[in-house]
$ cat structure.cif   # mmCIF, C-alpha atoms and all ligand atoms
data_start
loop_
_atom_site.group_PDB
_atom_site.id
_atom_site.type_symbol
_atom_site.label_atom_id
_atom_site.label_comp_id
_atom_site.auth_asym_id
_atom_site.auth_seq_id
_atom_site.Cartn_x
_atom_site.Cartn_y
_atom_site.Cartn_z
ATOM 1 C CA MET P 526 -22.403 26.240 3.039
ATOM 2 C CA SER P 527 -23.195 25.815 -0.639
ATOM 3 C CA PHE P 528 -25.991 23.664 -1.964
ATOM 4 C CA PHE P 529 -23.492 21.090 -3.203
ATOM 5 C CA SER P 530 -21.534 20.920 0.009
ATOM 6 C CA LYS P 531 -24.803 20.454 1.895
ATOM 7 C CA LEU P 532 -25.738 17.720 -0.538
ATOM 8 C CA PHE P 533 -22.402 15.906 -0.343
ATOM 9 C CA GLY P 534 -21.354 17.010 3.123
ATOM 10 C CA SER P 535 -22.026 13.645 4.726
ATOM 11 C CA GLU P 536 -19.446 11.972 2.484
ATOM 12 C CA LYS P 537 -16.731 14.569 2.830
ATOM 13 C CA GLY P 538 -14.683 15.795 5.735
ATOM 14 C CA ALA P 539 -16.426 18.289 7.975
ATOM 15 C CA ASP P 540 -13.667 20.845 7.534
ATOM 16 C CA THR P 541 -11.646 19.910 4.486
ATOM 17 C CA ALA P 542 -9.818 23.222 4.283
ATOM 18 C CA SER P 543 -8.076 22.654 7.607
ATOM 19 C CA PHE P 544 -7.107 19.025 7.010
ATOM 20 C CA SER P 545 -3.367 18.590 6.839
ATOM 21 C CA ASN P 546 -2.190 15.162 5.753
ATOM 22 C CA PRO P 547 -0.019 13.777 8.577
ATOM 23 C CA ILE P 548 1.466 10.982 6.459
ATOM 24 C CA LYS P 549 5.028 11.676 5.327
ATOM 25 C CA VAL P 550 6.084 8.169 4.289
ATOM 26 C CA GLU P 551 4.338 6.420 1.411
ATOM 27 C CA PHE P 552 5.198 2.732 1.296
ATOM 28 C CA HIS P 553 2.979 0.879 -1.154
ATOM 29 C CA SER P 554 3.269 1.716 -4.853
ATOM 30 C CA HIS P 555 4.433 0.352 -8.188
ATOM 31 C CA LEU P 556 6.856 2.988 -9.418
ATOM 32 C CA ILE P 557 9.821 0.947 -10.627
ATOM 33 C CA PHE P 558 9.195 1.271 -14.356
ATOM 34 C CA GLY P 559 8.697 -1.730 -16.599
ATOM 35 C CA VAL P 560 8.757 -4.484 -13.983
ATOM 36 C CA ASP P 561 5.098 -5.095 -13.117
ATOM 37 C CA ASP P 562 1.645 -3.648 -13.840
ATOM 38 C CA GLY P 563 2.673 -0.217 -12.557
ATOM 39 C CA CYS P 564 4.645 2.522 -14.318
ATOM 40 C CA GLU P 565 5.888 1.624 -17.763
ATOM 41 C CA THR P 566 8.467 4.358 -18.371
ATOM 42 C CA ILE P 567 10.958 6.270 -16.270
ATOM 43 C CA GLU P 568 9.115 9.491 -17.111
ATOM 44 C CA GLN P 569 5.881 8.117 -15.653
ATOM 45 C CA SER P 570 7.731 7.058 -12.497
ATOM 46 C CA LEU P 571 9.385 10.447 -12.104
ATOM 47 C CA GLU P 572 6.150 12.361 -12.615
ATOM 48 C CA ILE P 573 4.466 10.417 -9.810
ATOM 49 C CA LEU P 574 7.474 10.672 -7.497
ATOM 50 C CA GLU P 575 7.508 14.413 -8.082
ATOM 51 C CA ASP P 576 3.819 14.511 -7.191
ATOM 52 C CA PHE P 577 4.528 12.654 -3.950
ATOM 53 C CA ALA P 578 7.150 15.243 -3.044
ATOM 54 C CA LYS P 579 4.616 18.000 -3.735
ATOM 55 C CA LEU P 580 2.118 16.203 -1.499
ATOM 56 C CA GLY P 581 4.609 16.519 1.352
ATOM 57 C CA MET P 582 6.098 13.033 1.428
ATOM 58 C CA ARG P 583 9.689 12.870 2.662
ATOM 59 C CA LYS P 584 10.138 9.217 1.721
ATOM 60 C CA VAL P 585 8.666 6.765 -0.779
ATOM 61 C CA ILE P 586 9.280 3.042 -0.386
ATOM 62 C CA THR P 587 8.037 1.593 -3.640
ATOM 63 C CA THR P 588 6.942 -2.035 -3.741
ATOM 64 C CA PRO P 589 6.930 -3.848 -7.099
ATOM 65 C CA HIS P 590 5.013 -7.106 -7.267
ATOM 66 C CA ILE P 591 6.962 -10.297 -6.706
ATOM 67 C CA MET P 592 5.088 -13.461 -7.684
ATOM 68 C CA SER P 593 6.350 -16.939 -8.423
ATOM 69 C CA ASP P 594 4.582 -17.122 -11.800
ATOM 70 C CA TYR P 595 4.202 -13.609 -13.255
ATOM 71 C CA TYR P 596 6.554 -11.031 -11.810
ATOM 72 C CA LYS P 597 9.837 -12.691 -10.938
ATOM 73 C CA ASN P 598 11.488 -9.539 -9.701
ATOM 74 C CA SER P 599 14.448 -9.503 -7.336
ATOM 75 C CA LYS P 600 16.979 -7.008 -6.081
ATOM 76 C CA GLU P 601 19.174 -7.876 -9.095
ATOM 77 C CA ASN P 602 16.808 -6.266 -11.602
ATOM 78 C CA LEU P 603 15.102 -3.782 -9.246
ATOM 79 C CA PHE P 604 17.965 -2.021 -7.485
ATOM 80 C CA PRO P 605 19.689 -0.707 -10.645
ATOM 81 C CA LEU P 606 16.343 0.832 -11.725
ATOM 82 C CA ARG P 607 15.843 2.294 -8.249
ATOM 83 C CA ASP P 608 19.322 3.818 -8.491
ATOM 84 C CA GLU P 609 18.487 5.304 -11.891
ATOM 85 C CA LEU P 610 15.394 6.923 -10.394
ATOM 86 C CA ARG P 611 17.399 8.223 -7.426
ATOM 87 C CA ASN P 612 19.885 9.841 -9.806
ATOM 88 C CA ARG P 613 17.155 11.470 -11.850
ATOM 89 C CA LEU P 614 15.480 12.812 -8.689
ATOM 90 C CA LYS P 615 18.788 14.297 -7.632
ATOM 91 C CA GLU P 616 19.311 15.894 -11.045
ATOM 92 C CA LYS P 617 15.859 17.444 -10.819
ATOM 93 C CA ASN P 618 16.515 18.664 -7.259
ATOM 94 C CA ILE P 619 13.544 16.762 -5.910
ATOM 95 C CA ASP P 620 14.002 16.272 -2.197
ATOM 96 C CA LEU P 621 12.580 12.793 -1.732
ATOM 97 C CA GLU P 622 14.137 9.674 -0.255
ATOM 98 C CA LEU P 623 13.448 6.657 -2.458
ATOM 99 C CA ASP P 624 13.709 3.035 -1.377
ATOM 100 C CA CYS P 625 12.593 -0.141 -3.087
ATOM 101 C CA ALA P 626 11.136 -3.189 -1.345
ATOM 102 C CA ALA P 627 8.385 -5.436 -2.745
ATOM 103 C CA GLU P 628 4.796 -6.593 -2.490
ATOM 104 C CA TYR P 629 4.975 -10.382 -2.214
ATOM 105 C CA LEU P 630 2.084 -12.564 -3.247
ATOM 106 C CA ILE P 631 1.693 -15.459 -0.810
ATOM 107 C CA ASP P 632 1.657 -18.246 -3.385
ATOM 108 C CA ASP P 633 3.086 -21.751 -3.535
ATOM 109 C CA GLY P 634 6.613 -20.492 -4.034
ATOM 110 C CA PHE P 635 6.618 -17.915 -1.265
ATOM 111 C CA GLU P 636 7.941 -20.113 1.538
ATOM 112 C CA LYS P 637 11.008 -20.934 -0.554
ATOM 113 C CA LYS P 638 11.689 -17.210 -0.721
ATOM 114 C CA ILE P 639 11.504 -16.965 3.083
ATOM 115 C CA ALA P 640 13.968 -19.819 3.387
ATOM 116 C CA SER P 641 16.353 -18.103 0.960
ATOM 117 C CA GLY P 642 16.684 -15.130 3.323
ATOM 118 C CA GLU P 643 16.644 -12.811 0.304
ATOM 119 C CA LEU P 644 13.398 -10.979 1.015
ATOM 120 C CA LEU P 645 13.107 -7.296 0.167
ATOM 121 C CA THR P 646 12.070 -5.624 3.389
ATOM 122 C CA PHE P 647 11.977 -2.179 4.971
ATOM 123 C CA GLY P 648 11.265 -0.396 8.231
ATOM 124 C CA PRO P 649 13.378 0.732 11.162
ATOM 125 C CA ASN P 650 15.018 -2.663 11.686
ATOM 126 C CA GLY P 651 14.683 -3.780 8.062
ATOM 127 C CA LYS P 652 12.252 -6.536 9.018
ATOM 128 C CA HIS P 653 8.877 -5.285 7.780
ATOM 129 C CA ILE P 654 7.561 -7.073 4.716
ATOM 130 C CA LEU P 655 4.522 -6.287 2.572
ATOM 131 C CA VAL P 656 2.461 -9.307 1.508
ATOM 132 C CA GLU P 657 -0.691 -9.664 -0.536
ATOM 133 C CA LEU P 658 -3.150 -12.527 -1.059
ATOM 134 C CA PRO P 659 -5.047 -13.787 -4.111
ATOM 135 C CA PHE P 660 -8.355 -11.956 -4.576
ATOM 136 C CA MET P 661 -10.446 -15.070 -5.105
ATOM 137 C CA ASP P 662 -9.462 -17.385 -2.239
ATOM 138 C CA GLU P 663 -7.324 -17.375 0.845
ATOM 139 C CA PRO P 664 -4.114 -19.292 0.017
ATOM 140 C CA ARG P 665 -3.928 -22.709 1.638
ATOM 141 C CA ASN P 666 -0.410 -22.016 2.938
ATOM 142 C CA LEU P 667 -1.324 -18.664 4.544
ATOM 143 C CA ALA P 668 -1.014 -19.786 8.168
ATOM 144 C CA SER P 669 2.310 -21.549 7.640
ATOM 145 C CA ALA P 670 3.746 -18.695 5.553
ATOM 146 C CA LEU P 671 2.859 -16.080 8.159
ATOM 147 C CA PHE P 672 4.179 -18.277 10.948
ATOM 148 C CA GLU P 673 7.471 -18.853 9.135
ATOM 149 C CA LEU P 674 7.854 -15.132 8.532
ATOM 150 C CA GLN P 675 7.281 -14.368 12.175
ATOM 151 C CA ILE P 676 9.645 -16.998 13.559
ATOM 152 C CA ALA P 677 12.302 -15.684 11.165
ATOM 153 C CA GLY P 678 11.848 -12.273 12.818
ATOM 154 C CA TYR P 679 9.847 -10.512 10.121
ATOM 155 C CA THR P 680 6.816 -8.285 10.710
ATOM 156 C CA PRO P 681 4.242 -9.084 8.006
ATOM 157 C CA ILE P 682 2.076 -6.240 6.752
ATOM 158 C CA LEU P 683 -1.003 -7.416 4.886
ATOM 159 C CA ALA P 684 -1.699 -5.195 1.873
ATOM 160 C CA HIS P 685 -5.273 -3.935 1.450
ATOM 161 C CA PRO P 686 -7.172 -6.472 3.629
ATOM 162 C CA GLU P 687 -10.395 -4.657 2.714
ATOM 163 C CA ARG P 688 -10.044 -5.877 -0.871
ATOM 164 C CA TYR P 689 -10.288 -9.594 0.004
ATOM 165 C CA LEU P 690 -14.008 -10.137 -0.117
ATOM 166 C CA TYR P 691 -13.734 -13.573 1.501
ATOM 167 C CA TYR P 692 -12.659 -11.739 4.656
ATOM 168 C CA ASN P 693 -15.367 -9.127 4.262
ATOM 169 C CA ALA P 694 -17.865 -12.014 4.199
ATOM 170 C CA ASP P 695 -16.436 -13.340 7.487
ATOM 171 C CA ARG P 696 -15.080 -10.355 9.357
ATOM 172 C CA ASN P 697 -13.950 -12.476 12.318
ATOM 173 C CA ARG P 698 -11.041 -13.390 10.070
ATOM 174 C CA PHE P 699 -9.847 -9.768 10.165
ATOM 175 C CA HIS P 700 -9.684 -9.981 13.950
ATOM 176 C CA ALA P 701 -8.037 -13.413 13.881
ATOM 177 C CA LEU P 702 -5.245 -12.127 11.634
ATOM 178 C CA LYS P 703 -4.725 -9.089 13.833
ATOM 179 C CA ASP P 704 -4.594 -11.329 16.899
ATOM 180 C CA GLN P 705 -1.750 -13.210 15.192
ATOM 181 C CA GLY P 706 0.247 -9.988 15.037
ATOM 182 C CA ILE P 707 -0.288 -9.219 11.350
ATOM 183 C CA LEU P 708 -0.274 -5.485 10.591
ATOM 184 C CA PHE P 709 -2.951 -4.136 8.237
ATOM 185 C CA GLN P 710 -2.309 -1.651 5.438
ATOM 186 C CA MET P 711 -5.435 -0.075 4.005
ATOM 187 C CA ASN P 712 -5.460 1.406 0.517
ATOM 188 C CA MET P 713 -6.213 5.116 0.375
ATOM 189 C CA LEU P 714 -8.393 4.696 -2.706
ATOM 190 C CA SER P 715 -10.665 2.301 -0.791
ATOM 191 C CA CYS P 716 -11.882 5.335 1.184
ATOM 192 C CA ILE P 717 -13.536 6.845 -1.879
ATOM 193 C CA GLY P 718 -15.035 3.608 -3.192
ATOM 194 C CA TYR P 719 -12.574 3.362 -6.073
ATOM 195 C CA TYR P 720 -12.550 -0.467 -6.112
ATOM 196 C CA SER P 721 -16.200 -1.104 -5.209
ATOM 197 C CA LYS P 722 -18.837 -0.302 -2.625
ATOM 198 C CA PRO P 723 -18.243 -3.536 -0.640
ATOM 199 C CA VAL P 724 -14.518 -2.754 -0.488
ATOM 200 C CA GLN P 725 -15.319 0.733 0.772
ATOM 201 C CA GLU P 726 -17.626 -0.774 3.406
ATOM 202 C CA ALA P 727 -14.908 -3.182 4.521
ATOM 203 C CA ALA P 728 -12.479 -0.244 4.762
ATOM 204 C CA SER P 729 -14.985 1.589 6.906
ATOM 205 C CA TYR P 730 -15.304 -1.476 9.159
ATOM 206 C CA LEU P 731 -11.523 -1.686 9.558
ATOM 207 C CA VAL P 732 -11.243 2.001 10.434
ATOM 208 C CA ASN P 733 -14.176 1.977 12.837
ATOM 209 C CA ASN P 734 -12.730 -1.048 14.643
ATOM 210 C CA ASN P 735 -9.218 0.407 14.872
ATOM 211 C CA LEU P 736 -7.743 -2.390 12.785
ATOM 212 C CA VAL P 737 -5.670 -0.238 10.422
ATOM 213 C CA ASP P 738 -1.945 0.138 11.195
ATOM 214 C CA LEU P 739 -0.731 1.767 8.002
ATOM 215 C CA ILE P 740 -2.109 3.342 4.877
ATOM 216 C CA GLY P 741 -0.738 3.171 1.371
ATOM 217 C CA SER P 742 -1.629 4.619 -2.005
ATOM 218 C CA ASP P 743 -0.947 1.440 -4.041
ATOM 219 C CA THR P 744 -0.330 3.865 -6.890
ATOM 220 C CA HIS P 745 0.214 2.116 -10.191
ATOM 221 C CA ASN P 746 -0.290 5.081 -12.512
ATOM 222 C CA LYS P 747 -1.104 8.784 -12.776
ATOM 223 C CA ARG P 748 -4.825 8.107 -12.601
ATOM 224 C CA HIS P 749 -4.437 6.640 -9.115
ATOM 225 C CA GLN P 750 -2.184 9.513 -8.105
ATOM 226 C CA ASP P 751 -4.638 12.149 -9.280
ATOM 227 C CA LEU P 752 -7.354 10.707 -7.032
ATOM 228 C CA LEU P 753 -5.358 11.249 -3.845
ATOM 229 C CA GLN P 754 -6.599 14.828 -3.436
ATOM 230 C CA GLU P 755 -10.117 13.440 -3.385
ATOM 231 C CA VAL P 756 -9.009 10.878 -0.781
ATOM 232 C CA TYR P 757 -7.608 13.615 1.462
ATOM 233 C CA GLN P 758 -11.022 15.268 1.549
ATOM 234 C CA HIS P 759 -12.931 12.145 2.467
ATOM 235 C CA LYS P 760 -14.045 11.740 6.055
ATOM 236 C CA LEU P 761 -12.970 8.077 6.190
ATOM 237 C CA TYR P 762 -9.404 9.026 5.293
ATOM 238 C CA GLN P 763 -9.424 11.858 7.798
ATOM 239 C CA LYS P 764 -10.717 9.475 10.433
ATOM 240 C CA VAL P 765 -8.042 6.841 9.834
ATOM 241 C CA CYS P 766 -5.418 9.568 10.114
ATOM 242 C CA GLU P 767 -6.724 10.389 13.600
ATOM 243 C CA GLY P 768 -5.624 6.910 14.741
ATOM 244 C CA THR P 769 -2.108 5.680 15.421
ATOM 245 C CA LEU P 770 -0.541 4.961 12.050
ATOM 246 C CA LEU P 771 2.967 3.624 11.665
ATOM 247 C CA ASN P 772 3.830 5.101 8.251
ATOM 248 C CA ASN P 773 6.068 7.850 9.543
ATOM 249 C CA TYR P 774 8.212 5.360 11.477
ATOM 250 C CA LEU P 775 9.162 3.417 8.351
HETATM 251 FE FE FE P 801 0.132 -3.137 -4.733
#
$ encode --input "structure.cif" --output "structure tokens"
Amino acid sequence: MSFFSKLFGSEKGADTASFSNPIKVEFHSHLIFGVDDGCETIEQSLEILEDFAKLGMRKVITTPHIMSDYYKNSKENLFPLRDELRNRLKEKNIDLELDCAAEYLIDDGFEKKIASGELLTFGPNGKHILVELPFMDEPRNLASALFELQIAGYTPILAHPERYLYYNADRNRFHALKDQGILFQMNMLSCIGYYSKPVQEAASYLVNNNLVDLIGSDTHNKRHQDLLQEVYQHKLYQKVCEGTLLNNYL
């Protein structure tokens, strides 16, 4: 073992060379160009999709933001762009299934969207939905929104719970949400401390308490994508992959 691997060994996987990423379905990213804070051009989107194929993904379900105030996306503007990307992938002979759903912010307008029945969903029965929360405070309508989703037959997946520091400050809330049947999706970059040390610590707590159901890259740009190799070598990522993750069933 080299000096550097001895020095950094505690933070990395014990046997990085033999780690084979078991995840074949990536389902949280911002790769529909020009519609949110993710990719801006079709070339950027294609470069990242090509990278995902090289990383061994068989399917990417990309999830543009949908918010009542900022990103008013819907299938009307998203699906034609998805189709354009599918065509370009085919032209380039890139063997990758591409779907488009959404990452919904639970805000004041979200319950109207549930009532409309027009939600962009995914999964084996088309009923999984990715939701995110504001970073500063838990939304006041969280309980009612989650309840309405569930009684309408949806399975809510909470995006990156480790990033909501109000939950990290009261970790019983993680358990309470899980007890309500909410699935947790951890961000891969949280493993390497990309967002902050407290977020990495919360991620570690979630993994060590078997609270993580799915993992996602939340890739917005090439910089995020390029860090995934580092994620694969991190012991926290390798540990979460030892658990039962649902990605490959999506
Ligand atoms: Fe996201």
$ atom_distance --input "structure.cif" --atom1 "atom CA of Tyr595 of chain P" --atom2 "atom CA of Phe635 of chain P"
13.0 Å
$ resolve_selection --input "structure.cif" --expression "the PyMOL selection byres (((not hetatm)) within 8 of (chain P and resi 801))" --output "compact mmCIF listing (two decimals) with C-alpha atoms, keeping the file's coordinate frame"
# COMPACT_ATOMS: atom_id res chain seq x y z
CA HIS P 553 2.98 0.88 -1.15
CA SER P 554 3.27 1.72 -4.85
CA HIS P 555 4.43 0.35 -8.19
CA THR P 588 6.94 -2.04 -3.74
CA PRO P 589 6.93 -3.85 -7.10
CA HIS P 590 5.01 -7.11 -7.27
CA GLU P 628 4.80 -6.59 -2.49
CA GLU P 657 -0.69 -9.66 -0.54
CA ALA P 684 -1.70 -5.20 1.87
CA ASP P 743 -0.95 1.44 -4.04
CA THR P 744 -0.33 3.86 -6.89
CA HIS P 745 0.21 2.12 -10.19
$ closest_residue --input "structure.cif" --among "P:Ile619, P:Cys625, P:Val585, P:Leu580" --to "Lys600 of chain P" --atoms "all atoms listed in the file"
P:Cys625
$ resolve_selection --input "structure.cif" --expression "the PyMOL selection byres (((chain P and resi 765) around 10) and not hetatm)" --output "ChimeraX atom specification"
/P:711,713,716,728-729,731-733,735-740,760-764,766-770
$ residues_around --input "structure.cif" --residues "Asn618 of chain P" --least-positions-apart "5" --cutoff "12 Å" --atoms "only C-alpha atoms" --output "list in words"
Leu571, Glu575, Ala578, Arg611, Asn612 and Arg613 of chain P
$ write_last_selection --input "structure.cif" --atoms "C-alpha atoms" --output "PDB file, keeping the file's coordinate frame"
ATOM      1  CA  LEU P 571       9.385  10.447 -12.104  1.00  0.00           C
ATOM      2  CA  GLU P 575       7.508  14.413  -8.082  1.00  0.00           C
ATOM      3  CA  ALA P 578       7.150  15.243  -3.044  1.00  0.00           C
ATOM      4  CA  ARG P 611      17.399   8.223  -7.426  1.00  0.00           C
ATOM      5  CA  ASN P 612      19.885   9.841  -9.806  1.00  0.00           C
ATOM      6  CA  ARG P 613      17.155  11.470 -11.850  1.00  0.00           C
TER       7      ARG P 613
END
$ resolve_selection --input "structure.cif" --expression "the PyMOL selection byres (((chain P and resi 723) around 12) and not hetatm)" --output "JSON, numbers by chain"
{"P": [687, 688, 689, 690, 691, 692, 693, 694, 715, 716, 717, 718, 719, 720, 721, 722, 724, 725, 726, 727, 728, 729, 730]}
$ axis_aligned_box --input "structure.cif" --around "segment 605-615 of chain P" --padding-each-side "5 Å" --output "lines of an AutoDock Vina configuration file"
center_x = 17.6
center_y = 6.8
center_z = -9.7
size_x = 14.5
size_y = 25.0
size_z = 14.5
$ residues_near_point --input "structure.cif" --point "(15.5, -9.2, 1.8)" --cutoff "10 Å" --atoms "all atoms listed in the file" --output "list of chain:residue names"
P:Ser599, P:Lys600, P:Ala626, P:Ala627, P:Lys638, P:Ile639, P:Ser641, P:Gly642, P:Glu643, P:Leu644, P:Leu645, P:Thr646, P:Phe647, P:Gly651, P:Lys652, P:His653, P:Ile654
$ write_last_selection --input "structure.cif" --atoms "C-alpha atoms" --output "compact mmCIF listing (two decimals), in the coordinates of the input"
# COMPACT_ATOMS: atom_id res chain seq x y z
CA SER P 599 14.45 -9.50 -7.34
CA LYS P 600 16.98 -7.01 -6.08
CA ALA P 626 11.14 -3.19 -1.34
CA ALA P 627 8.38 -5.44 -2.74
CA LYS P 638 11.69 -17.21 -0.72
CA ILE P 639 11.50 -16.96 3.08
CA SER P 641 16.35 -18.10 0.96
CA GLY P 642 16.68 -15.13 3.32
CA GLU P 643 16.64 -12.81 0.30
CA LEU P 644 13.40 -10.98 1.01
CA LEU P 645 13.11 -7.30 0.17
CA THR P 646 12.07 -5.62 3.39
CA PHE P 647 11.98 -2.18 4.97
CA GLY P 651 14.68 -3.78 8.06
CA LYS P 652 12.25 -6.54 9.02
CA HIS P 653 8.88 -5.28 7.78
CA ILE P 654 7.56 -7.07 4.72
$ residues_around --input "structure.cif" --residues "Tyr596 of chain P" --least-positions-apart "5" --cutoff "12 Å" --atoms "only C-alpha atoms" --output "list in words"
Gly559, Val560, Asp561, Asp562, Gly563, Pro589, His590, Ile591, Asn602, Leu603, Ala627, Glu628, Tyr629 and Leu630 of chain P
$ atom_distance --input "structure.cif" --atom1 "atom CA of Leu683 of chain P" --atom2 "atom CA of Leu702 of chain P"
9.3 Å
$ atom_distance --input "structure.cif" --atom1 "atom CA of Ile631 of chain P" --atom2 "atom CA of Pro681 of chain P"
11.2 Å
$ closest_residue --input "structure.cif" --among "P:Asp633, P:Tyr679, P:Leu574, P:Arg583" --to "Asn666 of chain P" --atoms "all atoms listed in the file"
P:Asp633
$ closest_residue --input "structure.cif" --among "P:Tyr757, P:Phe709, P:Phe544, P:Tyr774" --to "Val656 of chain P" --atoms "all atoms listed in the file"
P:Phe709
$ decode --input "structure.cif" --residues "segment 717-740 of chain P" --atoms "N, CA and C atoms" --output "PDB file, in the first residue's frame"
ATOM      1  N   ILE P 717     -19.174  12.134  -0.924  1.00  0.00           N
ATOM      2  CA  ILE P 717     -17.812  12.682  -0.922  1.00  0.00           C
ATOM      3  C   ILE P 717     -17.757  14.077  -0.292  1.00  0.00           C
ATOM      4  N   GLY P 718     -18.842  14.503   0.324  1.00  0.00           N
ATOM      5  CA  GLY P 718     -18.825  15.809   0.987  1.00  0.00           C
ATOM      6  C   GLY P 718     -18.921  16.977   0.031  1.00  0.00           C
ATOM      7  N   TYR P 719     -19.483  16.742  -1.160  1.00  0.00           N
ATOM      8  CA  TYR P 719     -19.540  17.790  -2.172  1.00  0.00           C
ATOM      9  C   TYR P 719     -20.342  19.000  -1.699  1.00  0.00           C
ATOM     10  N   TYR P 720     -21.442  18.772  -0.978  1.00  0.00           N
ATOM     11  CA  TYR P 720     -22.321  19.886  -0.581  1.00  0.00           C
ATOM     12  C   TYR P 720     -21.811  20.566   0.685  1.00  0.00           C
ATOM     13  N   SER P 721     -21.448  19.727   1.676  1.00  0.00           N
ATOM     14  CA  SER P 721     -20.879  20.240   2.931  1.00  0.00           C
ATOM     15  C   SER P 721     -20.604  19.038   3.831  1.00  0.00           C
ATOM     16  N   LYS P 722     -19.840  19.301   4.874  1.00  0.00           N
ATOM     17  CA  LYS P 722     -19.557  18.237   5.848  1.00  0.00           C
ATOM     18  C   LYS P 722     -20.833  17.781   6.574  1.00  0.00           C
ATOM     19  N   PRO P 723     -21.686  18.712   7.052  1.00  0.00           N
ATOM     20  CA  PRO P 723     -22.918  18.243   7.707  1.00  0.00           C
ATOM     21  C   PRO P 723     -23.804  17.395   6.798  1.00  0.00           C
ATOM     22  N   VAL P 724     -23.851  17.739   5.505  1.00  0.00           N
ATOM     23  CA  VAL P 724     -24.648  16.935   4.577  1.00  0.00           C
ATOM     24  C   VAL P 724     -24.038  15.536   4.432  1.00  0.00           C
ATOM     25  N   GLN P 725     -22.714  15.490   4.386  1.00  0.00           N
ATOM     26  CA  GLN P 725     -22.048  14.185   4.310  1.00  0.00           C
ATOM     27  C   GLN P 725     -22.333  13.365   5.572  1.00  0.00           C
ATOM     28  N   GLU P 726     -22.337  14.027   6.719  1.00  0.00           N
ATOM     29  CA  GLU P 726     -22.618  13.322   7.978  1.00  0.00           C
ATOM     30  C   GLU P 726     -24.052  12.803   8.005  1.00  0.00           C
ATOM     31  N   ALA P 727     -24.976  13.613   7.500  1.00  0.00           N
ATOM     32  CA  ALA P 727     -26.374  13.157   7.437  1.00  0.00           C
ATOM     33  C   ALA P 727     -26.498  11.962   6.499  1.00  0.00           C
ATOM     34  N   ALA P 728     -25.769  12.006   5.377  1.00  0.00           N
ATOM     35  CA  ALA P 728     -25.786  10.877   4.430  1.00  0.00           C
ATOM     36  C   ALA P 728     -25.275   9.618   5.120  1.00  0.00           C
ATOM     37  N   SER P 729     -24.224   9.777   5.880  1.00  0.00           N
ATOM     38  CA  SER P 729     -23.650   8.648   6.600  1.00  0.00           C
ATOM     39  C   SER P 729     -24.668   8.078   7.600  1.00  0.00           C
ATOM     40  N   TYR P 730     -25.387   8.967   8.271  1.00  0.00           N
ATOM     41  CA  TYR P 730     -26.424   8.531   9.218  1.00  0.00           C
ATOM     42  C   TYR P 730     -27.504   7.726   8.488  1.00  0.00           C
ATOM     43  N   LEU P 731     -27.943   8.236   7.342  1.00  0.00           N
ATOM     44  CA  LEU P 731     -28.991   7.546   6.582  1.00  0.00           C
ATOM     45  C   LEU P 731     -28.530   6.154   6.153  1.00  0.00           C
ATOM     46  N   VAL P 732     -27.284   6.085   5.679  1.00  0.00           N
ATOM     47  CA  VAL P 732     -26.771   4.780   5.214  1.00  0.00           C
ATOM     48  C   VAL P 732     -26.636   3.822   6.395  1.00  0.00           C
ATOM     49  N   ASN P 733     -26.060   4.314   7.481  1.00  0.00           N
ATOM     50  CA  ASN P 733     -25.810   3.432   8.626  1.00  0.00           C
ATOM     51  C   ASN P 733     -27.094   2.981   9.317  1.00  0.00           C
ATOM     52  N   ASN P 734     -28.197   3.695   9.072  1.00  0.00           N
ATOM     53  CA  ASN P 734     -29.474   3.298   9.654  1.00  0.00           C
ATOM     54  C   ASN P 734     -30.419   2.672   8.624  1.00  0.00           C
ATOM     55  N   ASN P 735     -29.833   2.282   7.499  1.00  0.00           N
ATOM     56  CA  ASN P 735     -30.613   1.606   6.438  1.00  0.00           C
ATOM     57  C   ASN P 735     -31.853   2.387   6.014  1.00  0.00           C
ATOM     58  N   LEU P 736     -31.701   3.680   5.862  1.00  0.00           N
ATOM     59  CA  LEU P 736     -32.846   4.519   5.500  1.00  0.00           C
ATOM     60  C   LEU P 736     -32.872   4.880   4.008  1.00  0.00           C
ATOM     61  N   VAL P 737     -31.858   4.454   3.273  1.00  0.00           N
ATOM     62  CA  VAL P 737     -31.756   4.861   1.866  1.00  0.00           C
ATOM     63  C   VAL P 737     -32.373   3.779   0.965  1.00  0.00           C
ATOM     64  N   ASP P 738     -33.325   4.202   0.119  1.00  0.00           N
ATOM     65  CA  ASP P 738     -33.986   3.265  -0.798  1.00  0.00           C
ATOM     66  C   ASP P 738     -33.422   3.345  -2.207  1.00  0.00           C
ATOM     67  N   LEU P 739     -32.965   4.523  -2.577  1.00  0.00           N
ATOM     68  CA  LEU P 739     -32.484   4.742  -3.941  1.00  0.00           C
ATOM     69  C   LEU P 739     -31.340   5.749  -3.909  1.00  0.00           C
ATOM     70  N   ILE P 740     -30.502   5.687  -4.925  1.00  0.00           N
ATOM     71  CA  ILE P 740     -29.478   6.724  -5.033  1.00  0.00           C
ATOM     72  C   ILE P 740     -29.603   7.396  -6.398  1.00  0.00           C
TER      73      ILE P 740
END
